[in-house]
Structures are given as structure tokens and as C-alpha cells.
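Chemist: My structure is in protein-v2.pdb, and what it holds is PDB, C-alpha atoms, pLDDT in the B column:
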```pdb
ATOM      1  CA  CYS A 291     100.724  -3.203 119.399  1.00 50.00           C
ATOM      2  CA  THR A 292      99.747   0.378 118.496  1.00 49.00           C
ATOM      3  CA  ASP A 293      97.310   0.420 121.390  1.00 50.00           C
ATOM      4  CA  PHE A 294     100.107  -0.589 123.780  1.00 49.00           C
ATOM      5  CA  VAL A 295     102.427   2.189 122.503  1.00 50.00           C
ATOM      6  CA  GLY A 296      99.596   4.734 122.736  1.00 52.00           C
ATOM      7  CA  ARG A 297      98.960   3.821 126.364  1.00 58.00           C
ATOM      8  CA  GLY A 298     102.665   4.140 127.124  1.00 62.00           C
ATOM      9  CA  THR A 299     102.761   7.648 125.681  1.00 70.00           C
ATOM     10  CA  LYS A 300      99.640   8.636 127.630  1.00 71.00           C
ATOM     11  CA  ASN A 301     101.196   7.199 130.792  1.00 74.00           C
ATOM     12  CA  ILE A 302     104.362   9.223 130.321  1.00 79.00           C
ATOM     13  CA  LYS A 303     102.398  12.413 129.568  1.00 77.00           C
ATOM     14  CA  MET A 304     100.236  11.887 132.647  1.00 74.00           C
ATOM     15  CA  LYS A 305     103.263  11.238 134.850  1.00 74.00           C
ATOM     16  CA  LEU A 306     105.021  14.327 133.491  1.00 72.00           C
ATOM     17  CA  SER A 307     101.951  16.509 134.038  1.00 72.00           C
ATOM     18  CA  LEU A 308     101.635  15.220 137.619  1.00 66.00           C
ATOM     19  CA  LEU A 309     105.355  15.850 138.195  1.00 63.00           C
ATOM     20  CA  PHE A 310     105.128  19.429 136.899  1.00 61.00           C
ATOM     21  CA  THR A 311     101.978  20.071 138.935  1.00 68.00           C
ATOM     22  CA  PHE A 312     103.720  18.768 142.042  1.00 55.00           C
ATOM     23  CA  LEU A 313     106.817  20.918 141.367  1.00 52.00           C
ATOM     24  CA  ALA A 314     104.659  24.013 140.826  1.00 59.00           C
ATOM     25  CA  ALA A 315     102.816  23.379 144.100  1.00 56.00           C
ATOM     26  CA  VAL A 316     106.046  22.838 146.019  1.00 48.00           C
ATOM     27  CA  SER A 317     107.666  25.962 144.587  1.00 52.00           C
ATOM     28  CA  ALA A 318     104.592  28.025 145.451  1.00 53.00           C
ATOM     29  CA  PHE A 319     104.961  27.150 149.128  1.00 49.00           C
ATOM     30  CA  THR A 320     108.745  27.026 149.474  1.00 47.00           C
ATOM     31  CA  THR A 321     109.934  30.190 147.778  1.00 44.00           C
ATOM     32  CA  GLY A 322     110.383  33.059 150.192  1.00 44.00           C
ATOM     33  CA  PRO A 323     108.504  36.305 149.864  1.00 43.00           C
ATOM     34  CA  LYS A 324     110.211  38.920 147.758  1.00 41.00           C
ATOM     35  CA  ALA A 325     111.192  42.026 149.648  1.00 40.00           C
ATOM     36  CA  SER A 326     109.553  45.120 148.321  1.00 37.00           C
ATOM     37  CA  LYS A 327     109.707  48.692 149.370  1.00 38.00           C
ATOM     38  CA  SER A 328     106.552  50.690 148.997  1.00 37.00           C
ATOM     39  CA  THR A 329     106.542  54.436 148.916  1.00 40.00           C
ATOM     40  CA  THR A 330     102.800  54.938 148.821  1.00 39.00           C
ATOM     41  CA  ALA A 331     101.211  57.544 151.036  1.00 43.00           C
ATOM     42  CA  LEU A 332      99.560  54.793 153.095  1.00 44.00           C
ATOM     43  CA  ASN A 333     102.941  53.554 154.346  1.00 47.00           C
ATOM     44  CA  MET A 334     104.516  56.911 155.039  1.00 54.00           C
ATOM     45  CA  ALA A 335     104.175  58.715 158.370  1.00 62.00           C
ATOM     46  CA  LYS A 336     102.960  62.246 157.828  1.00 76.00           C
ATOM     47  CA  TYR A 337     104.105  63.421 161.236  1.00 77.00           C
ATOM     48  CA  LYS A 338     107.538  62.784 162.732  1.00 85.00           C
ATOM     49  CA  SER A 339     107.569  60.604 165.856  1.00 84.00           C
ATOM     50  CA  ALA A 340     107.594  62.737 169.008  1.00 86.00           C
ATOM     51  CA  LEU A 341     108.049  60.979 172.363  1.00 91.00           C
ATOM     52  CA  GLN A 342     106.769  63.043 175.278  1.00 92.00           C
ATOM     53  CA  TYR A 343     105.527  62.506 178.807  1.00 95.00           C
ATOM     54  CA  VAL A 344     101.838  63.400 178.902  1.00 94.00           C
ATOM     55  CA  PRO A 345      99.335  63.211 181.793  1.00 94.00           C
ATOM     56  CA  CYS A 346      97.327  59.982 181.860  1.00 95.00           C
ATOM     57  CA  ILE A 347      95.521  59.879 185.220  1.00 96.00           C
ATOM     58  CA  THR A 348      95.509  62.034 188.347  1.00 95.00           C
ATOM     59  CA  LEU A 349      97.104  60.714 191.530  1.00 95.00           C
ATOM     60  CA  ASP A 350      93.685  60.291 193.176  1.00 94.00           C
ATOM     61  CA  GLN A 351      92.738  57.934 190.298  1.00 95.00           C
ATOM     62  CA  LEU A 352      95.784  55.742 190.959  1.00 95.00           C
ATOM     63  CA  PRO A 353      94.540  52.215 191.741  1.00 95.00           C
ATOM     64  CA  ALA A 354      95.312  50.304 194.916  1.00 95.00           C
ATOM     65  CA  PRO A 355      98.250  47.866 194.872  1.00 95.00           C
ATOM     66  CA  GLY A 356      97.336  44.670 192.997  1.00 94.00           C
ATOM     67  CA  SER A 357      94.915  46.371 190.615  1.00 95.00           C
ATOM     68  CA  ALA A 358      94.778  48.507 187.483  1.00 96.00           C
ATOM     69  CA  THR A 359      92.802  51.296 185.847  1.00 96.00           C
ATOM     70  CA  SER A 360      92.528  52.812 182.398  1.00 95.00           C
ATOM     71  CA  GLY A 361      93.545  56.195 181.110  1.00 94.00           C
ATOM     72  CA  VAL A 362      94.307  58.055 177.916  1.00 92.00           C
ATOM     73  CA  ALA A 363      97.719  59.476 177.054  1.00 91.00           C
ATOM     74  CA  GLY A 364      98.309  61.228 173.752  1.00 86.00           C
ATOM     75  CA  GLY A 365      95.113  59.710 172.364  1.00 84.00           C
ATOM     76  CA  LEU A 366      96.218  56.161 173.215  1.00 88.00           C
ATOM     77  CA  ALA A 367      94.355  53.817 175.587  1.00 92.00           C
ATOM     78  CA  VAL A 368      96.705  53.018 178.478  1.00 95.00           C
ATOM     79  CA  CYS A 369      96.452  50.575 181.372  1.00 96.00           C
ATOM     80  CA  ILE A 370      97.997  51.879 184.600  1.00 97.00           C
ATOM     81  CA  ALA A 371      98.837  48.917 186.864  1.00 96.00           C
ATOM     82  CA  VAL A 372     100.183  48.973 190.421  1.00 96.00           C
ATOM     83  CA  ASP A 373     101.939  45.891 191.789  1.00 95.00           C
ATOM     84  CA  GLN A 374     101.812  44.752 195.434  1.00 94.00           C
ATOM     85  CA  SER A 375     104.907  46.794 196.318  1.00 94.00           C
ATOM     86  CA  GLY A 376     103.359  50.012 194.937  1.00 94.00           C
ATOM     87  CA  SER A 377     105.397  50.257 191.709  1.00 95.00           C
ATOM     88  CA  VAL A 378     103.453  51.811 188.833  1.00 96.00           C
ATOM     89  CA  TYR A 379     103.501  50.450 185.266  1.00 97.00           C
ATOM     90  CA  ALA A 380     101.919  51.608 181.995  1.00 96.00           C
ATOM     91  CA  LEU A 381     100.885  49.136 179.296  1.00 96.00           C
ATOM     92  CA  GLY A 382      98.671  49.217 176.214  1.00 94.00           C
ATOM     93  CA  ASP A 383      95.067  48.743 177.355  1.00 94.00           C
ATOM     94  CA  LYS A 384      94.068  46.345 174.574  1.00 93.00           C
ATOM     95  CA  CYS A 385      94.583  42.613 175.244  1.00 89.00           C
ATOM     96  CA  PRO A 386      95.417  40.505 172.235  1.00 89.00           C
ATOM     97  CA  PRO A 387      93.869  38.706 170.467  1.00 88.00           C
ATOM     98  CA  ILE A 388      90.400  40.278 170.877  1.00 86.00           C
ATOM     99  CA  ASN A 389      91.265  43.715 172.348  1.00 88.00           C
ATOM    100  CA  GLN A 390      89.290  43.702 175.590  1.00 90.00           C
ATOM    101  CA  PRO A 391      90.605  46.145 178.239  1.00 94.00           C
ATOM    102  CA  LEU A 392      93.692  44.912 180.087  1.00 94.00           C
ATOM    103  CA  SER A 393      92.862  47.374 182.881  1.00 94.00           C
ATOM    104  CA  PHE A 394      90.109  44.980 184.096  1.00 95.00           C
ATOM    105  CA  GLY A 395      92.789  42.375 184.863  1.00 93.00           C
ATOM    106  CA  LYS A 396      94.337  41.379 188.187  1.00 94.00           C
ATOM    107  CA  VAL A 397      97.910  42.303 189.084  1.00 96.00           C
ATOM    108  CA  ALA A 398     100.025  39.672 190.842  1.00 94.00           C
ATOM    109  CA  ASP A 399     103.591  38.323 190.790  1.00 94.00           C
ATOM    110  CA  GLY A 400     104.916  40.938 188.359  1.00 95.00           C
ATOM    111  CA  CYS A 401     102.160  40.225 185.815  1.00 96.00           C
ATOM    112  CA  ILE A 402      98.706  41.394 184.853  1.00 96.00           C
ATOM    113  CA  SER A 403      96.143  38.805 183.748  1.00 94.00           C
ATOM    114  CA  ASP A 404      93.800  39.153 180.808  1.00 90.00           C
ATOM    115  CA  PRO A 405      90.361  39.253 182.486  1.00 87.00           C
ATOM    116  CA  VAL A 406      88.633  37.140 179.804  1.00 86.00           C
ATOM    117  CA  LEU A 407      91.138  34.752 178.223  1.00 89.00           C
ATOM    118  CA  GLY A 408      93.544  34.385 181.155  1.00 88.00           C
ATOM    119  CA  THR A 409      96.839  35.280 179.435  1.00 92.00           C
ATOM    120  CA  LYS A 410      99.414  36.841 181.777  1.00 95.00           C
ATOM    121  CA  PHE A 411     101.571  39.759 180.606  1.00 96.00           C
ATOM    122  CA  ASP A 412     104.827  40.850 182.255  1.00 97.00           C
ATOM    123  CA  LEU A 413     104.428  44.349 183.754  1.00 96.00           C
ATOM    124  CA  LYS A 414     107.955  45.416 182.747  1.00 96.00           C
ATOM    125  CA  THR A 415     108.186  43.991 179.208  1.00 96.00           C
ATOM    126  CA  GLY A 416     104.589  43.372 178.115  1.00 95.00           C
ATOM    127  CA  GLU A 417     105.574  39.875 176.955  1.00 96.00           C
ATOM    128  CA  VAL A 418     103.349  36.823 177.452  1.00 94.00           C
ATOM    129  CA  VAL A 419     104.224  34.876 180.622  1.00 95.00           C
ATOM    130  CA  GLY A 420     103.170  31.228 180.757  1.00 93.00           C
ATOM    131  CA  LYS A 421     100.461  29.728 178.587  1.00 91.00           C
ATOM    132  CA  TRP A 422      98.732  31.764 175.858  1.00 89.00           C
ATOM    133  CA  CYS A 423      94.944  32.085 176.384  1.00 86.00           C
ATOM    134  CA  PRO A 424      94.659  29.292 178.975  1.00 88.00           C
ATOM    135  CA  GLY A 425      91.231  29.969 180.431  1.00 76.00           C
ATOM    136  CA  GLY A 426      87.726  29.050 179.317  1.00 76.00           C
ATOM    137  CA  ILE A 427      86.928  30.344 175.870  1.00 79.00           C
ATOM    138  CA  GLY A 428      90.594  31.341 175.509  1.00 77.00           C
ATOM    139  CA  ALA A 429      91.498  27.723 174.800  1.00 77.00           C
ATOM    140  CA  ILE A 430      89.280  27.902 171.707  1.00 79.00           C
ATOM    141  CA  ILE A 431      90.039  31.440 170.539  1.00 81.00           C
ATOM    142  CA  GLY A 432      93.728  31.478 171.435  1.00 79.00           C
ATOM    143  CA  GLY A 433      94.549  28.568 169.152  1.00 80.00           C
ATOM    144  CA  ALA A 434      93.668  30.699 166.136  1.00 84.00           C
ATOM    145  CA  PHE A 435      96.257  33.374 166.999  1.00 85.00           C
ATOM    146  CA  SER A 436      99.991  33.511 167.687  1.00 88.00           C
ATOM    147  CA  PRO A 437     101.013  34.713 171.157  1.00 90.00           C
ATOM    148  CA  GLU A 438     101.479  38.465 171.202  1.00 92.00           C
ATOM    149  CA  GLY A 439     102.496  40.829 173.973  1.00 94.00           C
ATOM    150  CA  VAL A 440     101.272  44.335 174.775  1.00 95.00           C
ATOM    151  CA  PRO A 441     103.237  47.597 174.475  1.00 94.00           C
ATOM    152  CA  VAL A 442     104.790  49.086 177.598  1.00 96.00           C
ATOM    153  CA  PHE A 443     105.466  52.753 178.223  1.00 96.00           C
ATOM    154  CA  PRO A 444     107.816  54.613 180.594  1.00 96.00           C
ATOM    155  CA  VAL A 445     105.867  56.176 183.445  1.00 96.00           C
ATOM    156  CA  LYS A 446     106.570  58.877 186.047  1.00 95.00           C
ATOM    157  CA  GLN A 447     104.756  60.902 188.692  1.00 93.00           C
ATOM    158  CA  SER A 448     104.683  64.634 188.051  1.00 90.00           C
ATOM    159  CA  LYS A 449     102.483  67.619 188.996  1.00 86.00           C
ATOM    160  CA  GLY A 450      99.761  65.587 190.734  1.00 92.00           C
ATOM    161  CA  ALA A 451      99.431  63.134 187.839  1.00 95.00           C
ATOM    162  CA  ILE A 452     100.821  59.909 186.476  1.00 96.00           C
ATOM    163  CA  GLU A 453     102.519  60.759 183.195  1.00 95.00           C
ATOM    164  CA  VAL A 454     103.230  58.249 180.438  1.00 96.00           C
ATOM    165  CA  GLN A 455     105.791  58.636 177.660  1.00 95.00           C
ATOM    166  CA  VAL A 456     104.081  58.072 174.303  1.00 92.00           C
ATOM    167  CA  ASP A 457     104.503  59.132 170.694  1.00 89.00           C
ATOM    168  CA  VAL A 458     102.116  62.088 170.665  1.00 86.00           C
ATOM    169  CA  ASN A 459     101.939  61.872 166.866  1.00 84.00           C
ATOM    170  CA  ALA A 460     100.961  58.167 166.744  1.00 81.00           C
ATOM    171  CA  LYS A 461      97.236  58.934 166.705  1.00 76.00           C
ATOM    172  CA  PHE A 462      97.682  61.609 164.019  1.00 76.00           C
ATOM    173  CA  ASN A 463      99.694  59.220 161.831  1.00 75.00           C
ATOM    174  CA  PHE A 464      97.082  56.491 162.267  1.00 72.00           C
ATOM    175  CA  GLU A 465      94.216  58.836 161.434  1.00 72.00           C
ATOM    176  CA  ALA A 466      96.112  60.383 158.495  1.00 71.00           C
ATOM    177  CA  ASN A 467      95.709  57.082 156.660  1.00 66.00           C
ATOM    178  CA  PHE A 468      91.912  57.222 156.775  1.00 64.00           C
ATOM    179  CA  TRP A 469      90.253  57.873 153.453  1.00 56.00           C
ATOM    180  CA  SER A 470      88.829  61.330 153.076  1.00 55.00           C
ATOM    181  CA  GLY A 471      86.491  62.063 150.214  1.00 53.00           C
ATOM    182  CA  VAL A 472      82.901  62.299 149.058  1.00 50.00           C
ATOM    183  CA  LEU A 473      81.663  59.729 151.582  1.00 52.00           C
ATOM    184  CA  ASP A 474      83.777  61.071 154.434  1.00 54.00           C
ATOM    185  CA  ALA A 475      82.196  60.370 157.844  1.00 55.00           C
ATOM    186  CA  GLN A 476      82.114  64.091 158.585  1.00 55.00           C
ATOM    187  CA  GLY A 477      80.534  64.953 155.260  1.00 53.00           C
ATOM    188  CA  LYS A 478      83.282  67.109 153.772  1.00 53.00           C
ATOM    189  CA  ALA A 479      86.096  66.057 151.433  1.00 54.00           C
ATOM    190  CA  ASP A 480      88.695  67.855 153.536  1.00 54.00           C
ATOM    191  CA  GLY A 481      87.667  65.983 156.713  1.00 53.00           C
ATOM    192  CA  LYS A 482      86.467  69.092 158.549  1.00 57.00           C
ATOM    193  CA  TYR A 483      83.104  69.535 160.184  1.00 55.00           C
ATOM    194  CA  TYR A 484      80.374  71.695 158.687  1.00 51.00           C
TER     195      TYR A 484
END
```
Can you give me the file's structure in the form of C-alpha cells?

Modeler:
Amino acid sequence: CTDFVGRGTKNIKMKLSLLFTFLAAVSAFTTGPKASKSTTALNMAKYKSALQYVPCITLDQLPAPGSATSGVAGGLAVCIAVDQSGSVYALGDKCPPINQPLSFGKVADGCISDPVLGTKFDLKTGEVVGKWCPGGIGAIIGGAFSPEGVPVFPVKQSKGAIEVQVDVNAKFNFEANFWSGVLDAQGKADGKYY
């Protein structure tokens, strides 16, 4: 009879331990993330945002309708695309998810196509149009990433160039977060060249 009572106690203890393990696992995956505000130097912009029109490409570098080219504006890689009607658009020149140049893509029907994975991006909004990563290797790679658009920038023609409105301090803020110290890529702790 003692053996029977002992097994009953073990059974209850085992069931309780399984219940608590299950509850701990469920609570680990169902509780929302706690909001936190960090004030570390890594999260703080050192330079105030400054939107300005800056030259990106000259007018003679402007691509033919239905194509695109790359340029640099304020230190940012920019894709300049021209649709069939001759309208000019500026988008970020890095295609998600693997950052190949968008400027190698084809322009048609208000979109530009990723030259490798086949995703189409709206010229006006930068949002994904249609299926995410539909072509070839994109079907394999795209499944590992959530659909993501590309940034778009206001564009205008001025002084023999295509100008793009960008935050001219974006590159400085990005680079300000790089570590600078004994093993600095330039050899000096202050980040300057010898």
C-alpha cells in the first residue's frame, strides 16, 4: 500500500512539474516585449537631420526611358529611374534582401524590377508590388526575409543636374557610431589619418 501511495505522490509531482514547465514556456512566448528607452551614444544622432537637394547625376548621365542608372547624393547610393513617359524618380540603390544595385533593374509599368530576385518596387512609393522575390534563386532566398520596400527621394532638375533631396547628415550619423580606438582602421584613436 505504501508503494501505491508513493507512486501517486510521484505522479502528482511529475504532473505539477510538467504543468509549470509548460506555463513557463507559454509565458516566455506570449508576453510582449517591454518598452525601453535607451539613451546610449549609439542610439543618439550626433548631427541634426538636414534635408537638402544635392546633385546626383548630370543631365547627360540621365538614362533613356525604361531604364535606370546609379548615382551618389549626400554620400548615399541612389538609383535614378526614368519611366516610359520620361518622368524621373529617385530610389535607394540597394535591393532588399541582399542589397544588389536596383539601378541594374528594368523600368516598366510604374515599377522597377530587382535584376536578380525579380521583386518589383513602385517608383513613387518604393513599396513591393506583386510577389516578393518571385524569380529563380529569389524563391529560396526570399522566403527567409519579410517583404521590404526601398526608400524614395524627391527629385528635381536644376543647373544641368538631377538633384535629389536627402538628409545630408545621414552618412555622418551612421559613421559617428563606428568604434574609434586603438584598432581604428585609420590607425589613430581620433579617427584621423596620419

Chemist: Excluding Asp383 of chain A and any residue of its chain fewer than 4 positions from it, enumerate the residues within 6 Å of it, using all atoms listed in the file, and give them as a ChimeraX atom specification.

Modeler: /A:367-369,391-392

Chemist: What is the distance between atom CA of Cys385 of chain A and atom CA of Ile430 of chain A, in Å to one decimal?

Modeler: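 So the answer is 16.0 Å.
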
Chemist: For a quick check of understanding, using only C-alpha atoms, which of A:Asn459, A:Lys421, A:Gly356, A:Ala451 has the smallest distance to Val397 of chain A?

Modeler: A:Gly356

Chemist: Leaving out Asp457 of chain A and any residue of its chain fewer than 6 positions from it, which residues lie within 9 Å of it when counting only C-alpha atoms, given as an MDAnalysis selection string?

Modeler: chainID A and resid 339:343 364

Chemist: Could you list, as a PyMOL selection string, every residue within 6 Å of Phe443 of chain A, counting all atoms listed in the file and ignoring same-chain residues fewer than 2 positions away?

Modeler: chain A and resi 380-381+455

Chemist: For the residues in that selection, give me C-alpha atoms as a PDB file, keeping the file's coordinate frame.

Modeler:
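Full text of part_31.pdb as output:
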```
ATOM      1  CA  ALA A 380     101.919  51.608 181.995  1.00 96.00           C
ATOM      2  CA  LEU A 381     100.885  49.136 179.296  1.00 96.00           C
ATOM      3  CA  GLN A 455     105.791  58.636 177.660  1.00 95.00           C
TER       4      GLN A 455
END
```

Chemist: Could you spell out the hits of the PyMOL selection byres ((chain A and resi 351) around 10) on the shown file, as a PyMOL selection string?

Modeler: chain A and resi 346-350+352-354+359-361+370+451-452

Chemist: Set the distance at 7 Å and use only C-alpha atoms: which residues neighbour Gly395 of chain A once local chain neighbours fewer than 5 positions away are removed? I'd like the list as a ChimeraX atom specification.

Modeler: /A:358,402-405

Chemist: State, in Å with one decimal place, the distance from atom CA of Val454 of chain A to atom CA of Gly439 of chain A.

Modeler: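 So the answer is 18.6 Å.
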
Chemist: Could you write out as JSON, numbers by chain the residues that the PyMOL selection byres ((chain A and resi 408) around 8) matches in the shown file?

Modeler: {"A": [403, 404, 405, 406, 407, 409, 410, 422, 423, 424, 425, 428]}

Chemist: Go ahead and compute the interatomic distance for atom CA of Ala460 of chain A and atom CA of Lys338 of chain A, in Å to one decimal.

Modeler: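 If I compute the distance from atom CA of Ala460 of chain A to atom CA of Lys338 of chain A, I get 9.0 Å.
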